[in-house]
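Structure below is entry.pdb: PDB, C-alpha atoms.
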ATOM      1  CA  MET A 171     100.786 151.287 110.853
ATOM      2  CA  ALA A 172      98.878 154.397 109.769
ATOM      3  CA  ALA A 173      96.145 155.803 111.955
ATOM      4  CA  ALA A 174      92.687 154.455 111.289
ATOM      5  CA  THR A 175      91.464 157.774 109.898
ATOM      6  CA  ALA A 176      94.375 157.994 107.445
ATOM      7  CA  TRP A 177      92.530 155.902 104.852
ATOM      8  CA  ALA A 178      89.713 158.435 104.490
ATOM      9  CA  GLU A 179      92.207 161.323 104.586
ATOM     10  CA  ASN A 180      94.251 159.722 101.818
ATOM     11  CA  LEU A 181      91.129 159.306  99.677
ATOM     12  CA  GLU A 182      90.299 162.964 100.268
ATOM     13  CA  LYS A 183      93.829 163.995  99.203
ATOM     14  CA  LEU A 184      93.222 162.090  95.960
ATOM     15  CA  GLY A 185      90.000 164.058  95.490
ATOM     16  CA  LEU A 186      87.877 160.953  96.057
ATOM     17  CA  THR A 187      85.195 159.819  98.443
ATOM     18  CA  VAL A 188      83.853 156.358  99.040
ATOM     19  CA  PRO A 189      80.852 155.986  96.723
ATOM     20  CA  ALA A 190      77.651 154.142  97.501
ATOM     21  CA  VAL A 191      77.985 150.422  96.969
ATOM     22  CA  ALA A 192      77.329 149.457  93.363
ATOM     23  CA  ALA A 193      74.148 147.426  93.054
ATOM     24  CA  PRO A 194      74.832 143.781  92.182
ATOM     25  CA  VAL A 195      74.163 142.929  88.533
ATOM     26  CA  ALA A 196      73.264 139.293  89.362
ATOM     27  CA  ALA A 197      72.615 136.950  92.321
ATOM     28  CA  TYR A 198      75.365 137.847  94.821
ATOM     29  CA  ILE A 199      76.210 140.310  97.575
ATOM     30  CA  PRO A 200      78.943 142.967  97.269
ATOM     31  CA  ALA A 201      81.086 141.655 100.158
ATOM     32  CA  VAL A 202      81.173 138.982 102.817
ATOM     33  CA  ARG A 203      83.176 138.720 106.017
ATOM     34  CA  THR A 204      84.610 135.536 107.448
ATOM     35  CA  GLY A 205      86.773 135.879 110.539
ATOM     36  CA  ASN A 206      89.125 138.804 109.987
ATOM     37  CA  LEU A 207      88.846 138.778 106.204
ATOM     38  CA  VAL A 208      86.438 140.587 103.891
ATOM     39  CA  TYR A 209      86.084 139.225 100.359
ATOM     40  CA  THR A 210      84.514 141.481  97.780
ATOM     41  CA  SER A 211      82.643 140.351  94.733
ATOM     42  CA  GLY A 212      84.111 141.431  91.425
ATOM     43  CA  GLN A 213      83.552 145.157  90.994
ATOM     44  CA  LEU A 214      83.077 146.957  87.693
ATOM     45  CA  PRO A 215      84.057 150.568  86.894
ATOM     46  CA  PHE A 216      80.657 152.061  87.677
ATOM     47  CA  VAL A 217      80.238 155.748  88.469
ATOM     48  CA  ASN A 218      76.717 156.735  89.486
ATOM     49  CA  GLY A 219      75.375 153.457  88.118
ATOM     50  CA  GLN A 220      77.000 153.848  84.683
ATOM     51  CA  LEU A 221      80.030 152.085  83.241
ATOM     52  CA  THR A 222      82.786 154.575  82.452
ATOM     53  CA  VAL A 223      84.142 152.593  79.481
ATOM     54  CA  THR A 224      83.261 149.456  77.517
ATOM     55  CA  GLY A 225      85.086 147.240  75.073
ATOM     56  CA  LYS A 226      88.195 145.117  74.902
ATOM     57  CA  VAL A 227      91.597 146.322  76.022
ATOM     58  CA  GLY A 228      93.972 146.441  73.098
ATOM     59  CA  ALA A 229      91.119 147.200  70.683
ATOM     60  CA  GLU A 230      88.461 149.764  71.712
ATOM     61  CA  VAL A 231      90.082 150.541  75.074
ATOM     62  CA  SER A 232      93.678 151.653  75.690
ATOM     63  CA  THR A 233      95.845 150.322  78.493
ATOM     64  CA  ALA A 234      95.698 153.747  80.174
ATOM     65  CA  GLN A 235      91.887 153.885  79.972
ATOM     66  CA  ALA A 236      91.661 150.366  81.389
ATOM     67  CA  ALA A 237      94.060 151.231  84.242
ATOM     68  CA  GLU A 238      91.798 154.167  85.153
ATOM     69  CA  ALA A 239      88.835 151.784  85.078
ATOM     70  CA  ALA A 240      90.737 149.367  87.345
ATOM     71  CA  GLN A 241      91.171 152.191  89.851
ATOM     72  CA  LEU A 242      87.419 152.792  89.797
ATOM     73  CA  CYS A 243      86.856 149.065  90.324
ATOM     74  CA  ALA A 244      89.138 149.180  93.368
ATOM     75  CA  LEU A 245      87.299 152.230  94.708
ATOM     76  CA  ASN A 246      84.006 150.368  94.294
ATOM     77  CA  ALA A 247      85.526 147.373  96.103
ATOM     78  CA  LEU A 248      86.476 149.695  98.967
ATOM     79  CA  ALA A 249      82.877 150.911  99.013
ATOM     80  CA  ALA A 250      81.720 147.318  99.494
ATOM     81  CA  VAL A 251      84.229 146.844 102.338
ATOM     82  CA  HIS A 252      83.224 150.162 103.903
ATOM     83  CA  ASP A 253      79.523 149.312 103.741
ATOM     84  CA  LEU A 254      80.141 146.004 105.511
ATOM     85  CA  VAL A 255      82.719 146.888 108.191
ATOM     86  CA  GLY A 256      83.871 150.499 107.734
ATOM     87  CA  LEU A 257      87.193 151.497 106.173
ATOM     88  CA  ASP A 258      88.547 152.436 109.602
ATOM     89  CA  ASN A 259      88.569 148.717 110.421
ATOM     90  CA  VAL A 260      90.797 147.746 107.479
ATOM     91  CA  VAL A 261      94.184 146.471 108.657
ATOM     92  CA  ARG A 262      95.602 145.734 105.212
ATOM     93  CA  ILE A 263      94.761 144.726 101.674
ATOM     94  CA  VAL A 264      95.718 141.066 101.353
ATOM     95  CA  LYS A 265      95.012 140.213  97.711
ATOM     96  CA  VAL A 266      93.719 141.745  94.498
ATOM     97  CA  VAL A 267      92.412 139.736  91.566
ATOM     98  CA  GLY A 268      91.908 141.592  88.303
ATOM     99  CA  PHE A 269      90.295 140.404  85.098
ATOM    100  CA  VAL A 270      90.985 142.202  81.823
ATOM    101  CA  ALA A 271      88.770 141.712  78.755
ATOM    102  CA  SER A 272      91.560 141.416  76.223
ATOM    103  CA  ALA A 273      91.685 141.699  72.455
ATOM    104  CA  PRO A 274      93.532 138.822  70.752
ATOM    105  CA  GLY A 275      97.268 139.171  71.328
ATOM    106  CA  TYR A 276      96.944 141.704  74.171
ATOM    107  CA  SER A 277      99.327 140.792  77.002
ATOM    108  CA  ASP A 278      99.693 143.853  79.247
ATOM    109  CA  GLN A 279      97.095 142.780  81.817
ATOM    110  CA  PRO A 280      99.504 143.518  84.702
ATOM    111  CA  LEU A 281      99.769 147.158  83.573
ATOM    112  CA  VAL A 282      95.988 147.457  83.612
ATOM    113  CA  ILE A 283      95.628 146.029  87.110
ATOM    114  CA  ASN A 284      98.411 148.347  88.283
ATOM    115  CA  GLY A 285      95.655 150.984  88.206
ATOM    116  CA  ALA A 286      94.012 149.199  91.137
ATOM    117  CA  SER A 287      97.230 148.220  92.906
ATOM    118  CA  GLU A 288      98.828 151.660  92.776
ATOM    119  CA  PHE A 289      95.582 153.280  93.948
ATOM    120  CA  LEU A 290      95.374 150.923  96.942
ATOM    121  CA  GLY A 291      98.990 151.770  97.766
ATOM    122  CA  GLU A 292      98.156 155.483  97.691
ATOM    123  CA  VAL A 293      95.217 154.956 100.027
ATOM    124  CA  PHE A 294      96.714 152.437 102.464
ATOM    125  CA  GLY A 295     100.487 152.967 102.159
ATOM    126  CA  ASP A 296     102.413 149.854 103.142
ATOM    127  CA  ALA A 297      99.140 148.245 104.267
ATOM    128  CA  GLY A 298      97.968 148.480 100.641
ATOM    129  CA  VAL A 299     100.783 146.315  99.277
ATOM    130  CA  HIS A 300      99.200 142.994  98.362
ATOM    131  CA  ALA A 301      99.434 139.684  96.551
ATOM    132  CA  ARG A 302      97.818 139.836  93.114
ATOM    133  CA  SER A 303      96.651 138.082  89.990
ATOM    134  CA  ALA A 304      96.043 139.830  86.641
ATOM    135  CA  VAL A 305      94.150 137.602  84.227
ATOM    136  CA  GLY A 306      93.226 138.151  80.593
ATOM    137  CA  VAL A 307      89.755 136.942  79.610
ATOM    138  CA  SER A 308      87.714 137.016  76.423
ATOM    139  CA  GLU A 309      84.557 138.577  77.885
ATOM    140  CA  LEU A 310      83.401 140.326  81.062
ATOM    141  CA  PRO A 311      79.916 141.303  82.259
ATOM    142  CA  LYS A 312      78.288 144.293  80.542
ATOM    143  CA  ASN A 313      81.198 144.479  78.054
ATOM    144  CA  THR A 314      83.350 146.105  80.731
ATOM    145  CA  PRO A 315      87.094 146.039  80.063
ATOM    146  CA  VAL A 316      88.084 145.274  83.654
ATOM    147  CA  GLU A 317      86.774 143.713  86.862
ATOM    148  CA  VAL A 318      88.540 143.756  90.235
ATOM    149  CA  GLU A 319      87.953 141.903  93.499
ATOM    150  CA  LEU A 320      89.926 142.108  96.693
ATOM    151  CA  ILE A 321      90.481 140.515 100.066
ATOM    152  CA  ALA A 322      91.005 142.826 103.040
ATOM    153  CA  GLU A 323      92.109 141.937 106.547
ATOM    154  CA  VAL A 324      89.999 143.768 109.112
ATOM    155  CA  ARG A 325      90.102 144.281 112.865
ATOM    156  CA  SER A 326      88.504 141.688 115.133
ATOM    157  CA  VAL A 327      84.990 142.381 116.341
TER     158      VAL A 327
END

What's the structure tokens form of this structure?
Amino acid sequence: MAAATAWAENLEKLGLTVPAVAAPVAAYIPAVRTGNLVYTSGQLPFVNGQLTVTGKVGAEVSTAQAAEAAQLCALNALAAVHDLVGLDNVVRIVKVVGFVASAPGYSDQPLVINGASEFLGEVFGDAGVHARSAVGVSELPKNTPVEVELIAEVRSV
């Protein structure tokens, strides 16, 4: 297993830092811990409080743009985990669930959510390999093209 500080170092190598936790857009909290698992709420591709892209994938938004947005969603999910328990306490990413606002006939949702999955692999190495669902939906909050949530296993307290 990689050293605890490797996660932050890997983010730095990617030219990224853990952002502040995105403010909830409704009645929920960004993350909750139960036992050795942290569940994040669905995260949107916010940067400095602004969505980076809006619209449906396969219409206004390309698969590549949506994959980049999925990476931002995953980064925001890591921010929620970090705020709750600290990234140094992450043992592994267990599961990712991604929702893709899809134009009629669009069926490349897995390629979109690869943006999150591949990013988590770059950050956590083998500990970032996870179970996953990639689901096409007709609408998402704020007209975002993608939303990602994750489950992380963390060290015992």

Written as a compact mmCIF listing (two decimals) with C-alpha atoms, keeping the file's coordinate frame, what is the full residue list that the PyMOL selection byres ((chain A and resi 272) around 6) yields on the file shown?
# COMPACT_ATOMS: atom_id res chain seq x y z
CA LYS A 226 88.20 145.12 74.90
CA VAL A 227 91.60 146.32 76.02
CA VAL A 270 90.98 142.20 81.82
CA ALA A 271 88.77 141.71 78.76
CA ALA A 273 91.68 141.70 72.46
CA TYR A 276 96.94 141.70 74.17
CA GLY A 306 93.23 138.15 80.59
CA VAL A 307 89.76 136.94 79.61
CA SER A 308 87.71 137.02 76.42

Could you list the residues chosen by the PyMOL selection byres ((chain A and resi 260-269) around 7) in this structure as an mmCIF file with C-alpha atoms, in the coordinates of the input?
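Saved file selection-v1.cif follows:
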data_model
loop_
_atom_site.group_PDB
_atom_site.id
_atom_site.type_symbol
_atom_site.label_atom_id
_atom_site.label_comp_id
_atom_site.auth_asym_id
_atom_site.auth_seq_id
_atom_site.Cartn_x
_atom_site.Cartn_y
_atom_site.Cartn_z
ATOM 1 C CA LEU A 257 87.193 151.497 106.173
ATOM 2 C CA ASP A 258 88.547 152.436 109.602
ATOM 3 C CA ASN A 259 88.569 148.717 110.421
ATOM 4 C CA VAL A 270 90.985 142.202 81.823
ATOM 5 C CA ALA A 271 88.770 141.712 78.755
ATOM 6 C CA ILE A 283 95.628 146.029 87.110
ATOM 7 C CA ALA A 297 99.140 148.245 104.267
ATOM 8 C CA GLY A 298 97.968 148.480 100.641
ATOM 9 C CA VAL A 299 100.783 146.315 99.277
ATOM 10 C CA HIS A 300 99.200 142.994 98.362
ATOM 11 C CA ALA A 301 99.434 139.684 96.551
ATOM 12 C CA ARG A 302 97.818 139.836 93.114
ATOM 13 C CA SER A 303 96.651 138.082 89.990
ATOM 14 C CA ALA A 304 96.043 139.830 86.641
ATOM 15 C CA VAL A 305 94.150 137.602 84.227
ATOM 16 C CA GLY A 306 93.226 138.151 80.593
ATOM 17 C CA VAL A 307 89.755 136.942 79.610
ATOM 18 C CA VAL A 316 88.084 145.274 83.654
ATOM 19 C CA GLU A 317 86.774 143.713 86.862
ATOM 20 C CA VAL A 318 88.540 143.756 90.235
ATOM 21 C CA GLU A 319 87.953 141.903 93.499
ATOM 22 C CA LEU A 320 89.926 142.108 96.693
ATOM 23 C CA ILE A 321 90.481 140.515 100.066
ATOM 24 C CA ALA A 322 91.005 142.826 103.040
ATOM 25 C CA GLU A 323 92.109 141.937 106.547
ATOM 26 C CA VAL A 324 89.999 143.768 109.112
ATOM 27 C CA ARG A 325 90.102 144.281 112.865
#

Inset, instruction - Quick one: apply the PyMOL selection byres ((chain A and resi 195-201) around 9) to the file and drop the selected residues here as a ChimeraX atom specification. - result: /A:191-194,202-203,208-213,247,250-251,253-254,311

Inset, instruction - Can you work out the spacing between atom CA of Thr233 of chain A and atom CA of Phe216 of chain A in Å, to one decimal? - result: 17.8 Å

Inset, instruction - Find the distance between atom CA of Glu179 of chain A and atom CA of Gly285 of chain A and write it in Å to one decimal. - result: 19.7 Å

Legend entry - Nearest candidate to Val223 of chain A (options A:Thr187, A:Ser326, A:Asn313, A:Asn180; using only C-alpha atoms):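 Selected residue with least distance to Val223 of chain A: A:Asn313.
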
Inset, instruction - Quick one: everything within 8 Å of Gln241 of chain A, counting only C-alpha atoms, minus sequence neighbours fewer than 4 positions away in the same chain. Send it as a list in words. - result: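 Counting only C-alpha atoms, the residues come to Pro215, Ala237, Leu245, Gly285, Ala286, Ser287 and Phe289 of chain A.
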
Legend entry - Point-to-point distance from atom CA of Leu310 of chain A to atom CA of Thr204 of chain A, Å rounded to tenths: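 Answer for the atom CA of Leu310 of chain A to atom CA of Thr204 of chain A separation: 26.8 Å.
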
Legend entry - Using only C-alpha atoms: which of A:Val255, A:Ala234, A:Val293, A:Ala249 has the shortest distance to Asp278 of chain A: A:Ala234

Inset, instruction - Compare A:Ala178, A:Ser277, A:Pro315, A:Asp296 by their minimum atom-to-atom distance to Gln235 of chain A, counting only C-alpha atoms, and give me the closest one. - result: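 Nearest to Gln235 of chain A: A:Pro315.
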